[in-house]
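This report refers to the structure that appears directly beneath it.
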Amino acid sequence: MPNFNKTLFVCTGNVFRSIISEKLFIQNIQSAGLSFQSRSRGIDLYFKTPNPLLNSIVERNYSITLKGHRAQKLSSEDVMWASSIVCFTPAHQQAVIEMCPSIRNKIFLIHSIASLDPVLFKDVDYHDVSETNERLLTGLKALKSAIDKIIKPGSLSIVIAVYNEEKNIKNILTKLVTQSSSQEVREIVVISSGSTDKTNKIIQSIQSPLITLVQEKTRNGKVSALKKAVPFINGDYVLLIDGDVDVKDDFVRECFSCIQTKRVPCTGKVIPIPTKRKFFYRISAVGCEAWNALRYGNDQVGTFLYPSGYTMILSQDNFVDGIKTIDKTTINDDGLLSLVLFQRGILFRYCDNLQVYVTFPKSFRDFFRQKIRTRLGRRQTATSFFKKIEKQWRVELLKATSAQNLIFVIALFVMDALARIIASVKTRFSRNPHIWKPVATTKQSQPVPVVIPLKE
């Protein structure tokens, strides 16, 4: 999949197709607020500067100028600089490969990226530039369309499975609806699975055409709820997010940033919300720090990444195909979904700019209820595989140990060990393990996220 962070456009003379594409690319990334870089080069320079009439045509129709541009020849330094090289013909592509044979995997033909007819990107007779030259005018439209498709990330569907979230759902939905107004969000699908409180009424009270409420009368677990969302998804990508988390005001924009930089499927950073129960906040903080470090490390080496169940972004195809293969009695939906894709050669990525704020348990009873459930899920399917992931997390927990957090790391180790033992026992005797008991202290009203750094 192309990575357009550093895009190099290559044509023949660098006075028509490649320079106009570069200018349109820069125009689009600036309006989108992206930090991408771009260059344009030619493989065989015929003219030093663009045709003045061509400049007036593109300036009038596309608000870009070619004034001051001088054609530049492609060099090996340009090729090595680029993360993606966009060529206009197979001849251009071959010239780049001959210069640097090792970079075949980052060379793309523009018509393939944009799914347009290659004839549209043919060169024009430079001596026949005119206001009525149909090939020229059609070619310019094709260039504009191609660059729009390169920059435009696609549409997004947001999916939230909830159960009795009357204290939290209005907060997260209001934020997502507000942020979606400036982005291409197709819908926000909320599956209320057997809710018995005011959750459904609150969702219905939020006046937004984006929101679709799907009510599941009987609570059958999260996977069952997610399966119910499939018929309502129209976006190119799917954001899975929990109903009891909080996000910043730029969260949806950061989702599109991950999509635009081709870091999908991906998961984000989990940040615990500070509470008055400092002991439970601190053990949650060190636990999250270890998971975030593990995800970052696995992303860097390009291996299996265990995503956070609080937030994930996948392509529509990966979500729909993946969730169909998972049994509705599965607890470990996030881990198993990642494993299904991993077995197909698709790796999750870690995006620490994609941040969710979570209230963790504030009592021993709720702590064990939550941890036993997550450990139970990992023992339900692919037991040895997910036990290995837990060991990797404990290693990261040890690495994060300091004199200031030692007591909290030890407490987490002991409590986690007990949760794993109980989960192993429950694996044999639980009838409906996917129907978990709610963790009451995590269902309290979410504050606007204010991160209080841990004191060293």
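As shown in the structure tokens, the chain order sets the letters A, B, ...; within each chain, residues go from 1, and ligands are also counted from 1 in the order they appear.
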
Enumerate the residues of segment 104-331 of chain A with a DSSP assignment of strand (DSSP E), computed from the backbone, and present them as a ChimeraX atom specification. /A:107-109,156-162,185-193,211-216,237-241,245-246,266-272,311-315

For segment 25-37 of chain A, work out the shell of residues within 6 Å, counting only C-alpha atoms and skipping chain neighbours fewer than 2 positions away, then give it as a list in words. Asn5, Lys6, Ser21, Glu22, Lys23 and Ile147 of chain A

Which of A:Gly139, A:Gly13, A:Gly335, A:Pro274 sits closest to Asp44 of chain A [using only C-alpha atoms]: A:Gly13

Within 8 Å of segment 154-169 of chain A, counting only C-alpha atoms, which residues qualify if same-chain residues fewer than 4 places away don't, as number ranges by chain? A: 173, 184-199, 202-203, 222, 225-226, 229, 233-245, 443-446

Taking into account only C-alpha atoms, which residue in the set A:Arg344, A:Lys328, A:Arg39, A:Arg17 is nearest to Lys227 of chain A?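 For Lys227 of chain A, the nearest of the given residues is A:Lys328.
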
Would you list the contacts of Asp299 of chain A as a PyMOL selection string, taking every protein, DNA or RNA residue within 10 Å and counting only C-alpha atoms, but skipping same-chain residues closer than 5 positions in sequence? chain A and resi 266+293-294+304-306+347-351

Resulting file, chosen residues, N, CA and C atoms, as a PDB file, in the first residue's frame:
ATOM      1  N   CYS A 266      -5.193  -0.327  12.522  1.00  0.00           N
ATOM      2  CA  CYS A 266      -4.385   0.199  13.607  1.00  0.00           C
ATOM      3  C   CYS A 266      -5.177   0.245  14.908  1.00  0.00           C
ATOM      4  N   ALA A 293       3.816   0.324  25.371  1.00  0.00           N
ATOM      5  CA  ALA A 293       5.209   0.067  24.983  1.00  0.00           C
ATOM      6  C   ALA A 293       5.309  -1.205  24.145  1.00  0.00           C
ATOM      7  N   LEU A 294       4.548  -2.241  24.536  1.00  0.00           N
ATOM      8  CA  LEU A 294       4.571  -3.496  23.787  1.00  0.00           C
ATOM      9  C   LEU A 294       4.041  -3.284  22.372  1.00  0.00           C
ATOM     10  N   PHE A 304       3.212  -9.464  15.087  1.00  0.00           N
ATOM     11  CA  PHE A 304       1.839  -9.442  15.588  1.00  0.00           C
ATOM     12  C   PHE A 304       1.685  -8.398  16.681  1.00  0.00           C
ATOM     13  N   LEU A 305       0.622  -7.623  16.561  1.00  0.00           N
ATOM     14  CA  LEU A 305       0.339  -6.562  17.520  1.00  0.00           C
ATOM     15  C   LEU A 305      -1.042  -6.815  18.118  1.00  0.00           C
ATOM     16  N   TYR A 306      -1.090  -6.940  19.434  1.00  0.00           N
ATOM     17  CA  TYR A 306      -2.357  -7.156  20.128  1.00  0.00           C
ATOM     18  C   TYR A 306      -3.048  -5.804  20.301  1.00  0.00           C
ATOM     19  N   LEU A 347      -0.935  -6.851   9.089  1.00  0.00           N
ATOM     20  CA  LEU A 347      -0.466  -6.463  10.418  1.00  0.00           C
ATOM     21  C   LEU A 347      -1.192  -5.227  10.935  1.00  0.00           C
ATOM     22  N   PHE A 348      -1.568  -5.254  12.210  1.00  0.00           N
ATOM     23  CA  PHE A 348      -2.060  -4.056  12.857  1.00  0.00           C
ATOM     24  C   PHE A 348      -0.891  -3.115  13.108  1.00  0.00           C
ATOM     25  N   ARG A 349      -1.152  -1.819  13.102  1.00  0.00           N
ATOM     26  CA  ARG A 349      -0.164  -0.794  13.413  1.00  0.00           C
ATOM     27  C   ARG A 349      -0.546  -0.104  14.725  1.00  0.00           C
ATOM     28  N   TYR A 350       0.424   0.558  15.323  1.00  0.00           N
ATOM     29  CA  TYR A 350       0.179   1.296  16.561  1.00  0.00           C
ATOM     30  C   TYR A 350       0.326   2.786  16.287  1.00  0.00           C
ATOM     31  N   CYS A 351      -0.727   3.546  16.548  1.00  0.00           N
ATOM     32  CA  CYS A 351      -0.723   4.994  16.326  1.00  0.00           C
ATOM     33  C   CYS A 351      -0.916   5.696  17.666  1.00  0.00           C
TER      34      CYS A 351
END

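Distance annotation: of A:Gln179, A:Asn405, A:Thr89, A:Thr138, the residue with the minimal separation from Phe279 of chain A is A:Asn405; atom set is only C-alpha atoms.
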
For the helix (DSSP H, G or I) assignment from backbone DSSP, which residues of segment 127-303 of chain A qualify? Please present them as an mmCIF file with N, CA and C atoms, in the first residue's frame.
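Output (states_1.cif):
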data_model
loop_
_atom_site.group_PDB
_atom_site.id
_atom_site.type_symbol
_atom_site.label_atom_id
_atom_site.label_comp_id
_atom_site.auth_asym_id
_atom_site.auth_seq_id
_atom_site.Cartn_x
_atom_site.Cartn_y
_atom_site.Cartn_z
ATOM 1 N N HIS A 127 3.882 21.778 -28.493
ATOM 2 C CA HIS A 127 3.747 22.875 -29.449
ATOM 3 C C HIS A 127 2.284 23.160 -29.775
ATOM 4 N N ASP A 128 1.389 22.358 -29.187
ATOM 5 C CA ASP A 128 -0.029 22.493 -29.509
ATOM 6 C C ASP A 128 -0.857 22.812 -28.252
ATOM 7 N N GLU A 134 -8.352 19.375 -26.494
ATOM 8 C CA GLU A 134 -9.166 18.452 -25.697
ATOM 9 C C GLU A 134 -8.302 17.492 -24.877
ATOM 10 N N ARG A 135 -7.226 16.990 -25.486
ATOM 11 C CA ARG A 135 -6.365 16.065 -24.745
ATOM 12 C C ARG A 135 -5.751 16.764 -23.541
ATOM 13 N N LEU A 136 -5.352 18.006 -23.717
ATOM 14 C CA LEU A 136 -4.771 18.773 -22.620
ATOM 15 C C LEU A 136 -5.799 18.985 -21.503
ATOM 16 N N LEU A 137 -6.977 19.447 -21.861
ATOM 17 C CA LEU A 137 -8.000 19.754 -20.859
ATOM 18 C C LEU A 137 -8.480 18.494 -20.144
ATOM 19 N N THR A 138 -8.637 17.412 -20.908
ATOM 20 C CA THR A 138 -9.041 16.136 -20.289
ATOM 21 C C THR A 138 -7.942 15.600 -19.379
ATOM 22 N N GLY A 139 -6.695 15.765 -19.833
ATOM 23 C CA GLY A 139 -5.563 15.321 -19.022
ATOM 24 C C GLY A 139 -5.458 16.069 -17.707
ATOM 25 N N LEU A 140 -5.709 17.391 -17.750
ATOM 26 C CA LEU A 140 -5.669 18.191 -16.525
ATOM 27 C C LEU A 140 -6.739 17.731 -15.535
ATOM 28 N N LYS A 141 -7.932 17.442 -16.053
ATOM 29 C CA LYS A 141 -9.010 16.953 -15.187
ATOM 30 C C LYS A 141 -8.637 15.598 -14.566
ATOM 31 N N ALA A 142 -7.984 14.766 -15.359
ATOM 32 C CA ALA A 142 -7.564 13.459 -14.853
ATOM 33 C C ALA A 142 -6.517 13.609 -13.755
ATOM 34 N N LEU A 143 -5.575 14.538 -13.956
ATOM 35 C CA LEU A 143 -4.563 14.794 -12.930
ATOM 36 C C LEU A 143 -5.211 15.260 -11.634
ATOM 37 N N LYS A 144 -6.158 16.189 -11.750
ATOM 38 C CA LYS A 144 -6.854 16.705 -10.560
ATOM 39 C C LYS A 144 -7.602 15.577 -9.857
ATOM 40 N N SER A 145 -8.287 14.764 -10.621
ATOM 41 C CA SER A 145 -9.042 13.654 -10.038
ATOM 42 C C SER A 145 -8.123 12.648 -9.354
ATOM 43 N N ALA A 146 -6.985 12.360 -9.990
ATOM 44 C CA ALA A 146 -6.044 11.392 -9.426
ATOM 45 C C ALA A 146 -5.461 11.890 -8.114
ATOM 46 N N ILE A 147 -5.062 13.148 -8.071
ATOM 47 C CA ILE A 147 -4.476 13.700 -6.842
ATOM 48 C C ILE A 147 -5.518 13.758 -5.728
ATOM 49 N N ASP A 148 -6.743 14.092 -6.075
ATOM 50 C CA ASP A 148 -7.818 14.090 -5.073
ATOM 51 C C ASP A 148 -7.988 12.702 -4.465
ATOM 52 N N LYS A 149 -7.906 11.671 -5.304
ATOM 53 C CA LYS A 149 -8.078 10.307 -4.814
ATOM 54 C C LYS A 149 -6.892 9.862 -3.961
ATOM 55 N N ILE A 150 -5.710 10.355 -4.309
ATOM 56 C CA ILE A 150 -4.519 10.007 -3.521
ATOM 57 C C ILE A 150 -4.609 10.598 -2.119
ATOM 58 N N ILE A 151 -5.016 11.857 -2.043
ATOM 59 C CA ILE A 151 -5.062 12.555 -0.759
ATOM 60 C C ILE A 151 -6.301 12.190 0.041
ATOM 61 N N ILE A 169 -22.713 7.641 27.356
ATOM 62 C CA ILE A 169 -22.948 7.598 25.913
ATOM 63 C C ILE A 169 -23.191 8.972 25.304
ATOM 64 N N LYS A 170 -23.823 9.862 26.025
ATOM 65 C CA LYS A 170 -24.079 11.193 25.466
ATOM 66 C C LYS A 170 -22.767 11.942 25.245
ATOM 67 N N ASN A 171 -21.838 11.800 26.156
ATOM 68 C CA ASN A 171 -20.541 12.478 26.048
ATOM 69 C C ASN A 171 -19.797 12.053 24.792
ATOM 70 N N ILE A 172 -19.639 10.744 24.598
ATOM 71 C CA ILE A 172 -18.842 10.277 23.472
ATOM 72 C C ILE A 172 -19.560 10.516 22.144
ATOM 73 N N LEU A 173 -20.878 10.302 22.111
ATOM 74 C CA LEU A 173 -21.610 10.518 20.858
ATOM 75 C C LEU A 173 -21.618 11.984 20.451
ATOM 76 N N THR A 174 -21.801 12.866 21.413
ATOM 77 C CA THR A 174 -21.795 14.302 21.107
ATOM 78 C C THR A 174 -20.458 14.722 20.515
ATOM 79 N N LYS A 175 -19.384 14.229 21.082
ATOM 80 C CA LYS A 175 -18.056 14.566 20.568
ATOM 81 C C LYS A 175 -17.843 14.006 19.161
ATOM 82 N N LEU A 176 -18.242 12.771 18.957
ATOM 83 C CA LEU A 176 -18.033 12.155 17.640
ATOM 84 C C LEU A 176 -18.879 12.836 16.569
ATOM 85 N N VAL A 177 -20.116 13.182 16.909
ATOM 86 C CA VAL A 177 -20.982 13.870 15.939
ATOM 87 C C VAL A 177 -20.408 15.234 15.587
ATOM 88 N N THR A 178 -19.998 15.989 16.590
ATOM 89 C CA THR A 178 -19.431 17.329 16.372
ATOM 90 C C THR A 178 -18.182 17.263 15.495
ATOM 91 N N GLN A 179 -17.291 16.335 15.800
ATOM 92 C CA GLN A 179 -16.039 16.221 15.053
ATOM 93 C C GLN A 179 -16.262 15.686 13.640
ATOM 94 N N SER A 180 -17.319 14.918 13.451
ATOM 95 C CA SER A 180 -17.589 14.321 12.145
ATOM 96 C C SER A 180 -18.107 15.325 11.131
ATOM 97 N N THR A 199 -30.011 4.201 28.273
ATOM 98 C CA THR A 199 -29.072 4.313 27.147
ATOM 99 C C THR A 199 -29.785 4.578 25.822
ATOM 100 N N ASN A 200 -30.784 3.791 25.494
ATOM 101 C CA ASN A 200 -31.472 3.926 24.206
ATOM 102 C C ASN A 200 -32.166 5.274 24.064
ATOM 103 N N LYS A 201 -32.799 5.741 25.125
ATOM 104 C CA LYS A 201 -33.500 7.031 25.086
ATOM 105 C C LYS A 201 -32.513 8.175 24.880
ATOM 106 N N ILE A 202 -31.355 8.081 25.517
ATOM 107 C CA ILE A 202 -30.344 9.134 25.373
ATOM 108 C C ILE A 202 -29.821 9.163 23.938
ATOM 109 N N ILE A 203 -29.577 7.998 23.370
ATOM 110 C CA ILE A 203 -29.092 7.933 21.983
ATOM 111 C C ILE A 203 -30.130 8.540 21.038
ATOM 112 N N GLN A 204 -31.378 8.198 21.246
ATOM 113 C CA GLN A 204 -32.453 8.709 20.386
ATOM 114 C C GLN A 204 -32.666 10.204 20.550
ATOM 115 N N SER A 205 -32.278 10.744 21.702
ATOM 116 C CA SER A 205 -32.464 12.186 21.950
ATOM 117 C C SER A 205 -31.428 13.042 21.243
ATOM 118 N N LYS A 222 -20.397 -8.972 22.935
ATOM 119 C CA LYS A 222 -19.932 -7.916 22.042
ATOM 120 C C LYS A 222 -19.834 -8.361 20.592
ATOM 121 N N VAL A 223 -19.347 -9.579 20.354
ATOM 122 C CA VAL A 223 -19.208 -10.044 18.975
ATOM 123 C C VAL A 223 -20.565 -10.120 18.291
ATOM 124 N N SER A 224 -21.564 -10.591 19.011
ATOM 125 C CA SER A 224 -22.918 -10.639 18.461
ATOM 126 C C SER A 224 -23.389 -9.243 18.083
ATOM 127 N N ALA A 225 -23.098 -8.271 18.946
ATOM 128 C CA ALA A 225 -23.490 -6.885 18.663
ATOM 129 C C ALA A 225 -22.777 -6.346 17.429
ATOM 130 N N LEU A 226 -21.478 -6.615 17.311
ATOM 131 C CA LEU A 226 -20.717 -6.122 16.164
ATOM 132 C C LEU A 226 -21.211 -6.741 14.855
ATOM 133 N N LYS A 227 -21.616 -8.000 14.904
ATOM 134 C CA LYS A 227 -22.166 -8.639 13.715
ATOM 135 C C LYS A 227 -23.438 -7.934 13.259
ATOM 136 N N LYS A 228 -24.213 -7.403 14.222
ATOM 137 C CA LYS A 228 -25.457 -6.709 13.889
ATOM 138 C C LYS A 228 -25.186 -5.387 13.167
ATOM 139 N N ALA A 229 -23.973 -4.852 13.304
ATOM 140 C CA ALA A 229 -23.641 -3.563 12.687
ATOM 141 C C ALA A 229 -23.328 -3.680 11.203
ATOM 142 N N VAL A 230 -22.914 -4.858 10.760
ATOM 143 C CA VAL A 230 -22.415 -5.046 9.393
ATOM 144 C C VAL A 230 -23.350 -4.498 8.314
ATOM 145 N N PRO A 231 -24.671 -4.770 8.343
ATOM 146 C CA PRO A 231 -25.546 -4.286 7.261
ATOM 147 C C PRO A 231 -25.661 -2.765 7.173
ATOM 148 N N PHE A 232 -25.236 -2.051 8.233
ATOM 149 C CA PHE A 232 -25.409 -0.594 8.268
ATOM 150 C C PHE A 232 -24.130 0.167 7.914
ATOM 151 N N PHE A 251 -10.005 13.961 17.836
ATOM 152 C CA PHE A 251 -9.905 12.506 17.720
ATOM 153 C C PHE A 251 -10.254 12.008 16.317
ATOM 154 N N VAL A 252 -11.378 12.439 15.764
ATOM 155 C CA VAL A 252 -11.793 11.956 14.443
ATOM 156 C C VAL A 252 -10.788 12.396 13.375
ATOM 157 N N ARG A 253 -10.269 13.614 13.507
ATOM 158 C CA ARG A 253 -9.243 14.076 12.556
ATOM 159 C C ARG A 253 -8.010 13.177 12.632
ATOM 160 N N GLU A 254 -7.645 12.745 13.841
ATOM 161 C CA GLU A 254 -6.496 11.849 13.994
ATOM 162 C C GLU A 254 -6.788 10.479 13.371
ATOM 163 N N CYS A 255 -8.050 10.049 13.423
ATOM 164 C CA CYS A 255 -8.429 8.798 12.758
ATOM 165 C C CYS A 255 -8.136 8.895 11.262
ATOM 166 N N PHE A 256 -8.535 10.011 10.652
ATOM 167 C CA PHE A 256 -8.295 10.193 9.219
ATOM 168 C C PHE A 256 -6.808 10.362 8.927
ATOM 169 N N SER A 257 -6.061 10.892 9.878
ATOM 170 C CA SER A 257 -4.616 11.003 9.702
ATOM 171 C C SER A 257 -3.995 9.610 9.589
ATOM 172 N N CYS A 258 -4.451 8.680 10.433
ATOM 173 C CA CYS A 258 -3.955 7.295 10.361
ATOM 174 C C CYS A 258 -4.304 6.671 9.015
ATOM 175 N N ILE A 259 -5.503 6.957 8.527
ATOM 176 C CA ILE A 259 -5.949 6.400 7.239
ATOM 177 C C ILE A 259 -5.132 7.003 6.096
ATOM 178 N N GLN A 260 -4.925 8.324 6.140
ATOM 179 C CA GLN A 260 -4.198 9.003 5.066
ATOM 180 C C GLN A 260 -2.753 8.553 4.979
ATOM 181 N N LYS A 278 -6.268 6.631 44.120
ATOM 182 C CA LYS A 278 -4.951 6.711 43.495
ATOM 183 C C LYS A 278 -4.281 5.353 43.326
ATOM 184 N N PHE A 279 -4.519 4.424 44.248
ATOM 185 C CA PHE A 279 -3.883 3.109 44.138
ATOM 186 C C PHE A 279 -4.290 2.430 42.840
ATOM 187 N N PHE A 280 -5.602 2.402 42.559
ATOM 188 C CA PHE A 280 -6.088 1.727 41.356
ATOM 189 C C PHE A 280 -5.712 2.509 40.100
ATOM 190 N N TYR A 281 -5.659 3.833 40.223
ATOM 191 C CA TYR A 281 -5.224 4.633 39.072
ATOM 192 C C TYR A 281 -3.774 4.332 38.723
ATOM 193 N N ARG A 282 -2.923 4.218 39.756
ATOM 194 C CA ARG A 282 -1.494 3.990 39.506
ATOM 195 C C ARG A 282 -1.229 2.601 38.920
ATOM 196 N N ILE A 283 -1.934 1.563 39.417
ATOM 197 C CA ILE A 283 -1.692 0.241 38.835
ATOM 198 C C ILE A 283 -2.242 0.174 37.404
ATOM 199 N N SER A 284 -3.320 0.896 37.144
ATOM 200 C CA SER A 284 -3.840 0.957 35.773
ATOM 201 C C SER A 284 -2.868 1.694 34.869
ATOM 202 N N ALA A 285 -2.250 2.748 35.406
ATOM 203 C CA ALA A 285 -1.311 3.558 34.619
ATOM 204 C C ALA A 285 -0.081 2.749 34.211
ATOM 205 N N VAL A 286 0.484 1.981 35.151
ATOM 206 C CA VAL A 286 1.675 1.190 34.807
ATOM 207 C C VAL A 286 1.293 0.052 33.860
ATOM 208 N N GLY A 287 0.081 -0.494 34.028
ATOM 209 C CA GLY A 287 -0.378 -1.539 33.119
ATOM 210 C C GLY A 287 -0.541 -1.018 31.702
ATOM 211 N N CYS A 288 -1.140 0.168 31.569
ATOM 212 C CA CYS A 288 -1.317 0.781 30.244
ATOM 213 C C CYS A 288 0.025 1.148 29.623
ATOM 214 N N GLU A 289 0.925 1.640 30.446
ATOM 215 C CA GLU A 289 2.255 2.008 29.944
ATOM 216 C C GLU A 289 2.951 0.798 29.335
ATOM 217 N N ALA A 290 2.819 -0.361 29.988
ATOM 218 C CA ALA A 290 3.441 -1.578 29.471
ATOM 219 C C ALA A 290 2.785 -2.030 28.172
ATOM 220 N N TRP A 291 1.454 -1.974 28.097
ATOM 221 C CA TRP A 291 0.758 -2.362 26.869
ATOM 222 C C TRP A 291 1.107 -1.412 25.721
ATOM 223 N N ASN A 292 1.125 -0.116 25.995
ATOM 224 C CA ASN A 292 1.475 0.859 24.951
ATOM 225 C C ASN A 292 2.893 0.633 24.448
ATOM 226 N N ALA A 293 3.816 0.324 25.371
ATOM 227 C CA ALA A 293 5.209 0.067 24.983
ATOM 228 C C ALA A 293 5.309 -1.205 24.145
ATOM 229 N N LEU A 294 4.548 -2.241 24.536
ATOM 230 C CA LEU A 294 4.571 -3.496 23.787
ATOM 231 C C LEU A 294 4.041 -3.284 22.372
ATOM 232 N N ARG A 295 2.947 -2.551 22.253
ATOM 233 C CA ARG A 295 2.364 -2.295 20.925
ATOM 234 C C ARG A 295 3.323 -1.480 20.059
ATOM 235 N N TYR A 296 3.949 -0.489 20.672
ATOM 236 C CA TYR A 296 4.914 0.326 19.925
ATOM 237 C C TYR A 296 6.079 -0.543 19.435
ATOM 238 N N GLY A 297 6.605 -1.375 20.322
ATOM 239 C CA GLY A 297 7.739 -2.219 19.956
ATOM 240 C C GLY A 297 7.399 -3.219 18.864
ATOM 241 N N ASN A 298 6.231 -3.853 18.967
ATOM 242 C CA ASN A 298 5.816 -4.817 17.944
ATOM 243 C C ASN A 298 5.569 -4.142 16.598
ATOM 244 N N ASP A 299 5.057 -2.919 16.644
ATOM 245 C CA ASP A 299 4.845 -2.164 15.408
ATOM 246 C C ASP A 299 6.183 -1.862 14.743
ATOM 247 N N GLN A 300 7.177 -1.511 15.541
ATOM 248 C CA GLN A 300 8.484 -1.156 14.982
ATOM 249 C C GLN A 300 9.176 -2.337 14.293
ATOM 250 N N VAL A 301 9.000 -3.540 14.858
ATOM 251 C CA VAL A 301 9.673 -4.705 14.264
ATOM 252 C C VAL A 301 8.785 -5.432 13.256
#

If I take atom CA of Phe108 of chain A and atom CA of Val86 of chain A, how far is one from the other in Å, to one decimal?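 That distance, rounded to one decimal, is 5.0 Å.
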
Taking 2 positions as the minimum chain separation for residues in the same chain, which residues sit within 12 Å of Arg365 of chain A when counting only C-alpha atoms? Answer as a ChimeraX atom specification. /A:280,361-363,367-372,415,419,437-442

Do a neighbour search on segment 270-273 of chain A at 7 Å with only C-alpha atoms, toss out local chain neighbours closer than 3 positions, and write the hits as number ranges by chain. A: 284-285, 288, 355-360, 449, 451

Find the residues around Leu406 of chain A up to 12 Å (only C-alpha atoms counted), leave out those fewer than 5 positions away in its own chain, and share them as a list in words.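 With the cut-off at 12 Å, the set is Arg282, Ile283, Val286, Leu397, Leu398, Lys399, Ala400, Thr401, Ala411, Leu412, Phe413 and Glu456 of chain A.
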
Emit the selected residues as a PDB file, in the first residue's frame, including C-alpha atoms.
ATOM      1  CA  ARG A 282      -1.494   3.990  39.506  1.00  0.00           C
ATOM      2  CA  ILE A 283      -1.692   0.241  38.835  1.00  0.00           C
ATOM      3  CA  VAL A 286       1.675   1.190  34.807  1.00  0.00           C
ATOM      4  CA  LEU A 397       5.974  -4.164  32.850  1.00  0.00           C
ATOM      5  CA  LEU A 398       9.332  -5.124  34.362  1.00  0.00           C
ATOM      6  CA  LYS A 399      11.127  -2.743  32.014  1.00  0.00           C
ATOM      7  CA  ALA A 400       8.875   0.101  33.180  1.00  0.00           C
ATOM      8  CA  THR A 401       9.618  -0.553  36.846  1.00  0.00           C
ATOM      9  CA  ALA A 411       0.681  -5.267  43.250  1.00  0.00           C
ATOM     10  CA  LEU A 412      -0.271  -5.571  39.573  1.00  0.00           C
ATOM     11  CA  PHE A 413       1.868  -8.682  39.128  1.00  0.00           C
ATOM     12  CA  GLU A 456       8.406  10.822  39.768  1.00  0.00           C
TER      13      GLU A 456
END

So the first atom is atom CA of Ile113 of chain A and the second is atom CA of Gln94 of chain A; what is the distance between them in Å, to one decimal place?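 Atom CA of Ile113 of chain A sits 17.2 Å away from atom CA of Gln94 of chain A.
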